[in-house]
Amino acid sequence: MAALAEIQTLLGEPRFNWSDPAPWIELEQELGIEFPADFREIVDAYGSIEINGQLYLEHPAGHLLHNLGKTIRGDLDLWREEDMAEFLPSPVGANPGELMPVATATTGEAVFLCVPETPSSPWRVVVQEFDSPAWTLYEMTFSEWLLAYLEGRDVTLCSRNLAPDGPFWEFLP
């Protein structure tokens with residue numbers, strides 16, 4: 001995948017390099033969704049990490065302290081609460097048009113994958129700012145969005161001041 005190669009160029013070589021699909025299969029069966037290949041590929045390469053001291057990505061492997069499945073279940077409960085649902089353009093969940101929470105940021109944003117309306121429709125990214133009712137839909141795949149973030153383009157999260165020497169990552173403890 002070309003975007004992963006570009007991400008690796010900016011972010012550095014991954015060191016997790018997970019190859020067992022079992023955690024993904026288990027999580028996807030539980031949620032009733034098949035995550036997009038580019039998202040899985042990035043998370044399998046890097047694992048549970050913090051990028052630029054800001055953006056958290058998590059892997060679904062059960063042995064990890066920061067586990068994607070556990071986080072998604074908690075975030076689904078949070079975003080389904082009546083007073084939180086009004087801050088998103090559509091409900092959270094795995095149905096077409098719904099939003100699946102997949103990442104968070106120390107600066108108060110939540111990153112969602114928008115489940116395609118039809119099998120031929122593309123995945124898109126929605127970023128919600130916790131400290132305001134604002135959200136932004138990005139007509140791009142997760143890898144395109146992450147690449148834009150790493151390049152310092154405005155995709156709601158802004159890393160320029162957090163990574164003045166360029167993008168970096170570290171494993172989550």
# chains A, B, ... in the order shown; residues from 1 in each chain; ligands from 1
>>> closest_atom_pairs(of="segment 36-82 of chain A", to="segment 102-121 of chain A", cutoff="6 Å", atoms="only C-alpha atoms", output="Markdown table")
| residue | atom | partner | partner_atom | distance |
| --- | --- | --- | --- | --- |
| A:Gln54 | CA | A:Thr106 | CA | 5.0 |
| A:Leu55 | CA | A:Ala105 | CA | 4.4 |
| A:Tyr56 | CA | A:Thr104 | CA | 5.4 |
| A:Leu57 | CA | A:Ala103 | CA | 5.4 |
>>> write_last_selection(atoms="all heavy atoms", output="mmCIF file, in the first residue's frame")
data_model
loop_
_atom_site.group_PDB
_atom_site.id
_atom_site.type_symbol
_atom_site.label_atom_id
_atom_site.label_comp_id
_atom_site.auth_asym_id
_atom_site.auth_seq_id
_atom_site.Cartn_x
_atom_site.Cartn_y
_atom_site.Cartn_z
ATOM 1 N N GLN A 54 0.565 13.023 20.842
ATOM 2 C CA GLN A 54 -0.801 13.512 20.694
ATOM 3 C C GLN A 54 -1.823 12.449 20.313
ATOM 4 O O GLN A 54 -2.848 12.315 20.958
ATOM 5 C CB GLN A 54 -0.819 14.629 19.633
ATOM 6 C CG GLN A 54 -2.208 15.182 19.359
ATOM 7 C CD GLN A 54 -2.208 16.220 18.261
ATOM 8 O OE1 GLN A 54 -1.416 16.165 17.331
ATOM 9 N NE2 GLN A 54 -3.113 17.177 18.372
ATOM 10 N N LEU A 55 -1.577 11.715 19.253
ATOM 11 C CA LEU A 55 -2.571 10.817 18.659
ATOM 12 C C LEU A 55 -2.328 9.387 19.119
ATOM 13 O O LEU A 55 -1.225 8.854 18.974
ATOM 14 C CB LEU A 55 -2.491 10.884 17.131
ATOM 15 C CG LEU A 55 -3.423 9.978 16.347
ATOM 16 C CD1 LEU A 55 -4.885 10.338 16.587
ATOM 17 C CD2 LEU A 55 -3.089 10.051 14.852
ATOM 18 N N TYR A 56 -3.373 8.760 19.673
ATOM 19 C CA TYR A 56 -3.283 7.374 20.135
ATOM 20 C C TYR A 56 -3.893 6.434 19.106
ATOM 21 O O TYR A 56 -5.060 6.587 18.733
ATOM 22 C CB TYR A 56 -4.052 7.182 21.447
ATOM 23 C CG TYR A 56 -3.500 7.950 22.612
ATOM 24 C CD1 TYR A 56 -4.216 9.002 23.167
ATOM 25 C CD2 TYR A 56 -2.278 7.617 23.186
ATOM 26 C CE1 TYR A 56 -3.724 9.711 24.251
ATOM 27 C CE2 TYR A 56 -1.774 8.315 24.268
ATOM 28 C CZ TYR A 56 -2.500 9.364 24.789
ATOM 29 O OH TYR A 56 -2.002 10.059 25.856
ATOM 30 N N LEU A 57 -3.110 5.461 18.677
ATOM 31 C CA LEU A 57 -3.602 4.354 17.860
ATOM 32 C C LEU A 57 -3.405 3.095 18.681
ATOM 33 O O LEU A 57 -2.367 2.930 19.329
ATOM 34 C CB LEU A 57 -2.823 4.225 16.551
ATOM 35 C CG LEU A 57 -2.953 5.333 15.529
ATOM 36 C CD1 LEU A 57 -2.139 4.989 14.290
ATOM 37 C CD2 LEU A 57 -4.398 5.569 15.161
#
>>> select_by_dssp(residues="chain A", states="strand (DSSP E or B)", output="tab-separated table (two decimals) with all heavy atoms, in the first residue's frame")
chain	number	residue	atom	x	y	z
A	49	ILE	N	0.37	2.76	19.78
A	49	ILE	CA	1.38	3.82	19.84
A	49	ILE	C	0.74	5.18	20.10
A	49	ILE	O	-0.46	5.37	19.93
A	49	ILE	CB	2.20	3.90	18.53
A	49	ILE	CG1	1.30	4.21	17.32
A	49	ILE	CG2	3.00	2.63	18.31
A	49	ILE	CD1	2.07	4.51	16.03
A	50	GLU	N	1.60	6.10	20.48
A	50	GLU	CA	1.25	7.52	20.57
A	50	GLU	C	2.11	8.23	19.53
A	50	GLU	O	3.34	8.07	19.52
A	50	GLU	CB	1.53	8.06	21.97
A	50	GLU	CG	1.16	9.52	22.12
A	50	GLU	CD	1.45	10.03	23.52
A	50	GLU	OE1	2.49	9.62	24.11
A	50	GLU	OE2	0.67	10.83	24.02
A	51	ILE	N	1.46	8.99	18.65
A	51	ILE	CA	2.16	9.70	17.59
A	51	ILE	C	2.26	11.18	17.97
A	51	ILE	O	1.25	11.79	18.33
A	51	ILE	CB	1.44	9.54	16.24
A	51	ILE	CG1	1.35	8.06	15.85
A	51	ILE	CG2	2.14	10.35	15.15
A	51	ILE	CD1	0.49	7.79	14.62
A	55	LEU	N	-1.58	11.72	19.25
A	55	LEU	CA	-2.57	10.82	18.66
A	55	LEU	C	-2.33	9.39	19.12
A	55	LEU	O	-1.22	8.85	18.97
A	55	LEU	CB	-2.49	10.88	17.13
A	55	LEU	CG	-3.42	9.98	16.35
A	55	LEU	CD1	-4.88	10.34	16.59
A	55	LEU	CD2	-3.09	10.05	14.85
A	56	TYR	N	-3.37	8.76	19.67
A	56	TYR	CA	-3.28	7.37	20.14
A	56	TYR	C	-3.89	6.43	19.11
A	56	TYR	O	-5.06	6.59	18.73
A	56	TYR	CB	-4.05	7.18	21.45
A	56	TYR	CG	-3.50	7.95	22.61
A	56	TYR	CD1	-4.22	9.00	23.17
A	56	TYR	CD2	-2.28	7.62	23.19
A	56	TYR	CE1	-3.72	9.71	24.25
A	56	TYR	CE2	-1.77	8.31	24.27
A	56	TYR	CZ	-2.50	9.36	24.79
A	56	TYR	OH	-2.00	10.06	25.86
A	57	LEU	N	-3.11	5.46	18.68
A	57	LEU	CA	-3.60	4.35	17.86
A	57	LEU	C	-3.40	3.10	18.68
A	57	LEU	O	-2.37	2.93	19.33
A	57	LEU	CB	-2.82	4.22	16.55
A	57	LEU	CG	-2.95	5.33	15.53
A	57	LEU	CD1	-2.14	4.99	14.29
A	57	LEU	CD2	-4.40	5.57	15.16
A	59	HIS	N	-3.90	-1.36	18.93
A	59	HIS	CA	-4.02	-2.65	18.25
A	59	HIS	C	-4.99	-3.53	19.04
A	59	HIS	O	-5.08	-3.42	20.25
A	59	HIS	CB	-2.64	-3.31	18.17
A	59	HIS	CG	-2.61	-4.47	17.24
A	59	HIS	ND1	-2.99	-5.74	17.63
A	59	HIS	CD2	-2.25	-4.55	15.95
A	59	HIS	CE1	-2.86	-6.55	16.60
A	59	HIS	NE2	-2.41	-5.85	15.56
A	67	ASN	N	-5.67	-1.62	24.36
A	67	ASN	CA	-6.28	-2.56	23.43
A	67	ASN	C	-7.42	-1.89	22.67
A	67	ASN	O	-8.33	-1.33	23.29
A	67	ASN	CB	-6.77	-3.77	24.23
A	67	ASN	CG	-7.54	-4.75	23.40
A	67	ASN	OD1	-8.72	-4.54	23.13
A	67	ASN	ND2	-6.90	-5.82	23.00
A	92	VAL	N	-23.11	6.32	16.41
A	92	VAL	CA	-21.95	5.43	16.42
A	92	VAL	C	-22.42	3.99	16.27
A	92	VAL	O	-23.53	3.66	16.67
A	92	VAL	CB	-21.09	5.59	17.70
A	92	VAL	CG1	-20.45	6.96	17.76
A	92	VAL	CG2	-21.88	5.29	18.94
A	99	LEU	N	-20.68	5.76	12.67
A	99	LEU	CA	-19.29	6.09	12.96
A	99	LEU	C	-18.69	5.10	13.95
A	99	LEU	O	-19.30	4.81	14.98
A	99	LEU	CB	-19.19	7.50	13.55
A	99	LEU	CG	-19.77	8.61	12.68
A	99	LEU	CD1	-19.75	9.93	13.44
A	99	LEU	CD2	-19.01	8.73	11.37
A	100	MET	N	-17.50	4.61	13.64
A	100	MET	CA	-16.80	3.69	14.52
A	100	MET	C	-15.60	4.43	15.12
A	100	MET	O	-14.71	4.85	14.39
A	100	MET	CB	-16.33	2.46	13.74
A	100	MET	CG	-15.64	1.42	14.59
A	100	MET	SD	-16.62	0.71	15.94
A	100	MET	CE	-17.95	-0.11	15.03
A	101	PRO	N	-15.57	4.61	16.45
A	101	PRO	CA	-14.44	5.32	17.06
A	101	PRO	C	-13.18	4.47	17.03
A	101	PRO	O	-13.20	3.32	17.46
A	101	PRO	CB	-14.92	5.55	18.50
A	101	PRO	CG	-15.91	4.46	18.75
A	101	PRO	CD	-16.55	4.15	17.43
A	102	VAL	N	-12.08	5.03	16.49
A	102	VAL	CA	-10.86	4.22	16.35
A	102	VAL	C	-9.61	4.87	16.92
A	102	VAL	O	-8.58	4.20	17.03
A	102	VAL	CB	-10.60	3.85	14.87
A	102	VAL	CG1	-11.69	2.93	14.34
A	102	VAL	CG2	-10.43	5.09	14.01
A	103	ALA	N	-9.66	6.14	17.28
A	103	ALA	CA	-8.47	6.80	17.81
A	103	ALA	C	-8.88	8.02	18.63
A	103	ALA	O	-9.98	8.56	18.44
A	103	ALA	CB	-7.53	7.22	16.68
A	104	THR	N	-7.98	8.43	19.52
A	104	THR	CA	-8.21	9.63	20.31
A	104	THR	C	-6.92	10.44	20.35
A	104	THR	O	-5.86	9.95	19.95
A	104	THR	CB	-8.63	9.30	21.76
A	104	THR	OG1	-7.60	8.50	22.36
A	104	THR	CG2	-9.96	8.57	21.81
A	105	ALA	N	-7.05	11.67	20.85
A	105	ALA	CA	-5.89	12.54	20.95
A	105	ALA	C	-5.83	13.20	22.32
A	105	ALA	O	-6.87	13.47	22.93
A	105	ALA	CB	-5.94	13.61	19.85
A	109	GLU	N	-9.50	15.38	20.77
A	109	GLU	CA	-10.25	14.97	19.59
A	109	GLU	C	-10.49	13.47	19.60
A	109	GLU	O	-9.72	12.73	20.18
A	109	GLU	CB	-9.49	15.35	18.30
A	109	GLU	CG	-9.32	16.82	18.08
A	109	GLU	CD	-8.10	17.40	18.77
A	109	GLU	OE1	-7.32	16.64	19.38
A	109	GLU	OE2	-7.93	18.62	18.73
A	110	ALA	N	-11.57	13.08	18.93
A	110	ALA	CA	-11.88	11.67	18.71
A	110	ALA	C	-11.92	11.45	17.20
A	110	ALA	O	-12.48	12.26	16.46
A	110	ALA	CB	-13.21	11.30	19.34
A	111	VAL	N	-11.32	10.35	16.76
A	111	VAL	CA	-11.25	10.02	15.34
A	111	VAL	C	-12.14	8.81	15.08
A	111	VAL	O	-12.05	7.80	15.78
A	111	VAL	CB	-9.79	9.72	14.91
A	111	VAL	CG1	-9.72	9.39	13.42
A	111	VAL	CG2	-8.88	10.90	15.25
A	112	PHE	N	-13.00	8.94	14.08
A	112	PHE	CA	-13.96	7.90	13.72
A	112	PHE	C	-13.76	7.49	12.27
A	112	PHE	O	-13.41	8.32	11.43
A	112	PHE	CB	-15.39	8.43	13.85
A	112	PHE	CG	-15.78	8.85	15.23
A	112	PHE	CD1	-15.49	10.13	15.69
A	112	PHE	CD2	-16.47	7.99	16.06
A	112	PHE	CE1	-15.85	10.52	16.97
A	112	PHE	CE2	-16.85	8.37	17.33
A	112	PHE	CZ	-16.53	9.65	17.79
A	113	LEU	N	-14.03	6.23	11.98
A	113	LEU	CA	-14.17	5.77	10.61
A	113	LEU	C	-15.66	5.76	10.30
A	113	LEU	O	-16.45	5.23	11.08
A	113	LEU	CB	-13.59	4.36	10.43
A	113	LEU	CG	-12.09	4.24	10.60
A	113	LEU	CD1	-11.68	2.77	10.53
A	113	LEU	CD2	-11.35	5.05	9.56
A	114	CYS	N	-16.02	6.36	9.19
A	114	CYS	CA	-17.43	6.39	8.76
A	114	CYS	C	-17.69	5.14	7.92
A	114	CYS	O	-17.10	4.96	6.85
A	114	CYS	CB	-17.69	7.66	7.96
A	114	CYS	SG	-19.42	7.86	7.49
A	124	ARG	N	-14.46	6.87	5.07
A	124	ARG	CA	-14.09	8.26	5.30
A	124	ARG	C	-13.75	8.43	6.77
A	124	ARG	O	-14.02	7.55	7.58
A	124	ARG	CB	-15.22	9.18	4.88
A	124	ARG	CG	-15.55	9.04	3.38
A	124	ARG	CD	-16.78	9.77	2.97
A	124	ARG	NE	-17.93	9.22	3.70
A	124	ARG	CZ	-19.10	9.84	3.84
A	124	ARG	NH1	-19.27	11.03	3.34
A	124	ARG	NH2	-20.07	9.29	4.51
A	125	VAL	N	-13.19	9.57	7.10
A	125	VAL	CA	-12.78	9.86	8.47
A	125	VAL	C	-13.57	11.06	9.00
A	125	VAL	O	-13.75	12.04	8.28
A	125	VAL	CB	-11.27	10.17	8.53
A	125	VAL	CG1	-10.84	10.60	9.93
A	125	VAL	CG2	-10.46	8.95	8.08
A	126	VAL	N	-14.03	10.95	10.24
A	126	VAL	CA	-14.67	12.07	10.94
A	126	VAL	C	-13.86	12.34	12.19
A	126	VAL	O	-13.51	11.41	12.92
A	126	VAL	CB	-16.14	11.76	11.32
A	126	VAL	CG1	-16.71	12.83	12.25
A	126	VAL	CG2	-17.00	11.65	10.07
A	127	VAL	N	-13.54	13.62	12.42
A	127	VAL	CA	-12.83	14.01	13.64
A	127	VAL	C	-13.74	14.94	14.43
A	127	VAL	O	-14.25	15.92	13.89
A	127	VAL	CB	-11.49	14.70	13.33
A	127	VAL	CG1	-10.78	15.11	14.62
A	127	VAL	CG2	-10.59	13.78	12.50
A	128	GLN	N	-13.95	14.59	15.68
A	128	GLN	CA	-14.78	15.38	16.59
A	128	GLN	C	-13.90	16.02	17.65
A	128	GLN	O	-13.01	15.36	18.18
A	128	GLN	CB	-15.84	14.49	17.24
A	128	GLN	CG	-17.04	15.20	17.83
A	128	GLN	CD	-16.77	15.91	19.14
A	128	GLN	OE1	-15.89	15.56	19.90
A	128	GLN	NE2	-17.54	16.93	19.40
A	129	GLU	N	-14.15	17.30	17.91
A	129	GLU	CA	-13.39	18.01	18.94
A	129	GLU	C	-14.17	17.96	20.25
A	129	GLU	O	-15.26	18.51	20.34
A	129	GLU	CB	-13.16	19.45	18.52
A	129	GLU	CG	-12.36	19.58	17.23
A	129	GLU	CD	-12.22	21.01	16.79
A	129	GLU	OE1	-11.60	21.79	17.52
A	129	GLU	OE2	-12.74	21.33	15.70
A	135	TRP	N	-17.35	19.01	14.48
A	135	TRP	CA	-16.82	17.80	13.87
A	135	TRP	C	-16.52	18.11	12.41
A	135	TRP	O	-17.10	19.02	11.84
A	135	TRP	CB	-17.79	16.62	13.99
A	135	TRP	CG	-19.16	16.90	13.44
A	135	TRP	CD1	-20.24	17.36	14.13
A	135	TRP	CD2	-19.58	16.79	12.08
A	135	TRP	NE1	-21.31	17.53	13.29
A	135	TRP	CE2	-20.94	17.19	12.02
A	135	TRP	CE3	-18.96	16.39	10.91
A	135	TRP	CZ2	-21.67	17.21	10.84
A	135	TRP	CZ3	-19.69	16.40	9.72
A	135	TRP	CH2	-21.04	16.81	9.72
A	136	THR	N	-15.62	17.35	11.82
A	136	THR	CA	-15.25	17.55	10.43
A	136	THR	C	-15.18	16.21	9.73
A	136	THR	O	-14.58	15.26	10.24
A	136	THR	CB	-13.87	18.25	10.32
A	136	THR	OG1	-13.91	19.46	11.09
A	136	THR	CG2	-13.54	18.58	8.88
A	137	LEU	N	-15.81	16.14	8.57
A	137	LEU	CA	-15.77	14.94	7.72
A	137	LEU	C	-14.66	15.12	6.70
A	137	LEU	O	-14.58	16.15	6.03
A	137	LEU	CB	-17.11	14.76	7.00
A	137	LEU	CG	-17.15	13.68	5.91
A	137	LEU	CD1	-16.97	12.29	6.50
A	137	LEU	CD2	-18.46	13.77	5.13
A	138	TYR	N	-13.79	14.12	6.60
A	138	TYR	CA	-12.71	14.13	5.63
A	138	TYR	C	-12.99	13.05	4.59
A	138	TYR	O	-13.12	11.88	4.92
A	138	TYR	CB	-11.35	13.89	6.31
A	138	TYR	CG	-10.99	15.04	7.21
A	138	TYR	CD1	-11.28	14.98	8.56
A	138	TYR	CD2	-10.40	16.18	6.69
A	138	TYR	CE1	-10.98	16.06	9.39
A	138	TYR	CE2	-10.10	17.26	7.51
A	138	TYR	CZ	-10.40	17.19	8.85
A	138	TYR	OH	-10.11	18.26	9.67
A	155	VAL	N	-5.95	18.66	9.51
A	155	VAL	CA	-6.97	17.62	9.53
A	155	VAL	C	-7.56	17.55	10.95
A	155	VAL	O	-7.69	16.49	11.54
A	155	VAL	CB	-6.43	16.24	9.06
A	155	VAL	CG1	-6.22	16.22	7.55
A	155	VAL	CG2	-5.16	15.87	9.80
A	157	LEU	N	-6.59	17.73	13.86
A	157	LEU	CA	-5.43	17.58	14.74
A	157	LEU	C	-4.27	18.31	14.09
A	157	LEU	O	-4.04	18.17	12.90
A	157	LEU	CB	-5.04	16.11	14.88
A	157	LEU	CG	-6.03	15.18	15.55
A	157	LEU	CD1	-5.57	13.75	15.42
A	157	LEU	CD2	-6.23	15.54	16.99
A	169	TRP	N	7.00	8.61	17.03
A	169	TRP	CA	6.05	7.75	17.74
A	169	TRP	C	6.77	7.01	18.84
A	169	TRP	O	7.99	6.87	18.84
A	169	TRP	CB	5.36	6.78	16.79
A	169	TRP	CG	6.29	5.77	16.17
A	169	TRP	CD1	7.02	5.91	15.02
A	169	TRP	CD2	6.60	4.46	16.68
A	169	TRP	NE1	7.76	4.78	14.78
A	169	TRP	CE2	7.53	3.88	15.78
A	169	TRP	CE3	6.19	3.74	17.78
A	169	TRP	CZ2	8.03	2.59	15.97
A	169	TRP	CZ3	6.71	2.47	17.97
A	169	TRP	CH2	7.61	1.92	17.06
A	170	GLU	N	5.97	6.53	19.79
A	170	GLU	CA	6.49	5.66	20.84
A	170	GLU	C	5.38	4.68	21.23
A	170	GLU	O	4.19	4.99	21.11
A	170	GLU	CB	6.98	6.45	22.04
A	170	GLU	CG	5.94	7.33	22.70
A	170	GLU	CD	6.54	8.23	23.76
A	170	GLU	OE1	7.73	8.14	24.05
A	170	GLU	OE2	5.78	9.04	24.30
A	171	PHE	N	5.79	3.49	21.67
A	171	PHE	CA	4.81	2.51	22.10
A	171	PHE	C	4.08	3.04	23.33
A	171	PHE	O	4.69	3.71	24.18
A	171	PHE	CB	5.48	1.17	22.46
A	171	PHE	CG	5.89	0.34	21.28
A	171	PHE	CD1	7.23	0.07	21.03
A	171	PHE	CD2	4.94	-0.18	20.41
A	171	PHE	CE1	7.61	-0.70	19.95
A	171	PHE	CE2	5.31	-0.94	19.32
A	171	PHE	CZ	6.65	-1.20	19.08
>>> atom_distance(atom1="atom CA of Trp24 of chain A", atom2="atom CA of Glu151 of chain A")
28.2 Å
>>> residues_around(residues="Leu31 of chain A", least_positions_apart="4", cutoff="12 Å", atoms="only C-alpha atoms", output="number ranges by chain")
A: 24-27, 35, 68-70, 72-73, 76, 92-95, 100-101
>>> write_last_selection(atoms="C-alpha atoms", output="CSV table (one decimal), in the first residue's frame")
chain,number,residue,atom,x,y,z
A,24,TRP,CA,-8.9,-8.5,14.2
A,25,ILE,CA,-11.3,-11.4,13.3
A,26,GLU,CA,-12.5,-11.6,16.8
A,27,LEU,CA,-13.1,-7.9,17.2
A,35,PHE,CA,-12.2,-2.6,9.3
A,68,LEU,CA,-8.4,-1.3,20.5
A,69,GLY,CA,-11.4,-3.6,21.3
A,70,LYS,CA,-11.6,-2.4,24.9
A,72,ILE,CA,-13.9,0.9,21.2
A,73,ARG,CA,-16.4,-0.7,23.5
A,76,LEU,CA,-19.3,3.3,21.8
A,92,VAL,CA,-21.9,5.4,16.4
A,93,GLY,CA,-21.9,1.8,15.5
A,94,ALA,CA,-21.2,-0.6,12.7
A,95,ASN,CA,-24.2,0.0,10.4
A,100,MET,CA,-16.8,3.7,14.5
A,101,PRO,CA,-14.4,5.3,17.1
>>> closest_residue(among="A:Ala3, A:Asp77, A:Gly53, A:Phe39", to="Ala163 of chain A", atoms="only C-alpha atoms")
A:Gly53
>>> select_by_dssp(residues="chain A", states="helix (DSSP H, G or I)", output="ChimeraX atom specification")
/A:2-11,22-31,37-46,68-80,82-85,142-150
>>> closest_residue(among="A:Leu172, A:Leu88, A:Met140, A:Leu147", to="Ile42 of chain A", atoms="only C-alpha atoms")
A:Leu147
>>> closest_residue(among="A:Pro21, A:Ala134, A:Leu65, A:Leu150", to="Glu6 of chain A", atoms="only C-alpha atoms")
A:Leu150
>>> residues_around(residues="Asp165 of chain A", least_positions_apart="3", cutoff="12 Å", atoms="only C-alpha atoms", output="PyMOL selection string")
chain A and resi 10-11+52+150-152+159-162+168
>>> atom_distance(atom1="atom CA of Pro89 of chain A", atom2="atom CA of Trp123 of chain A")
15.3 Å
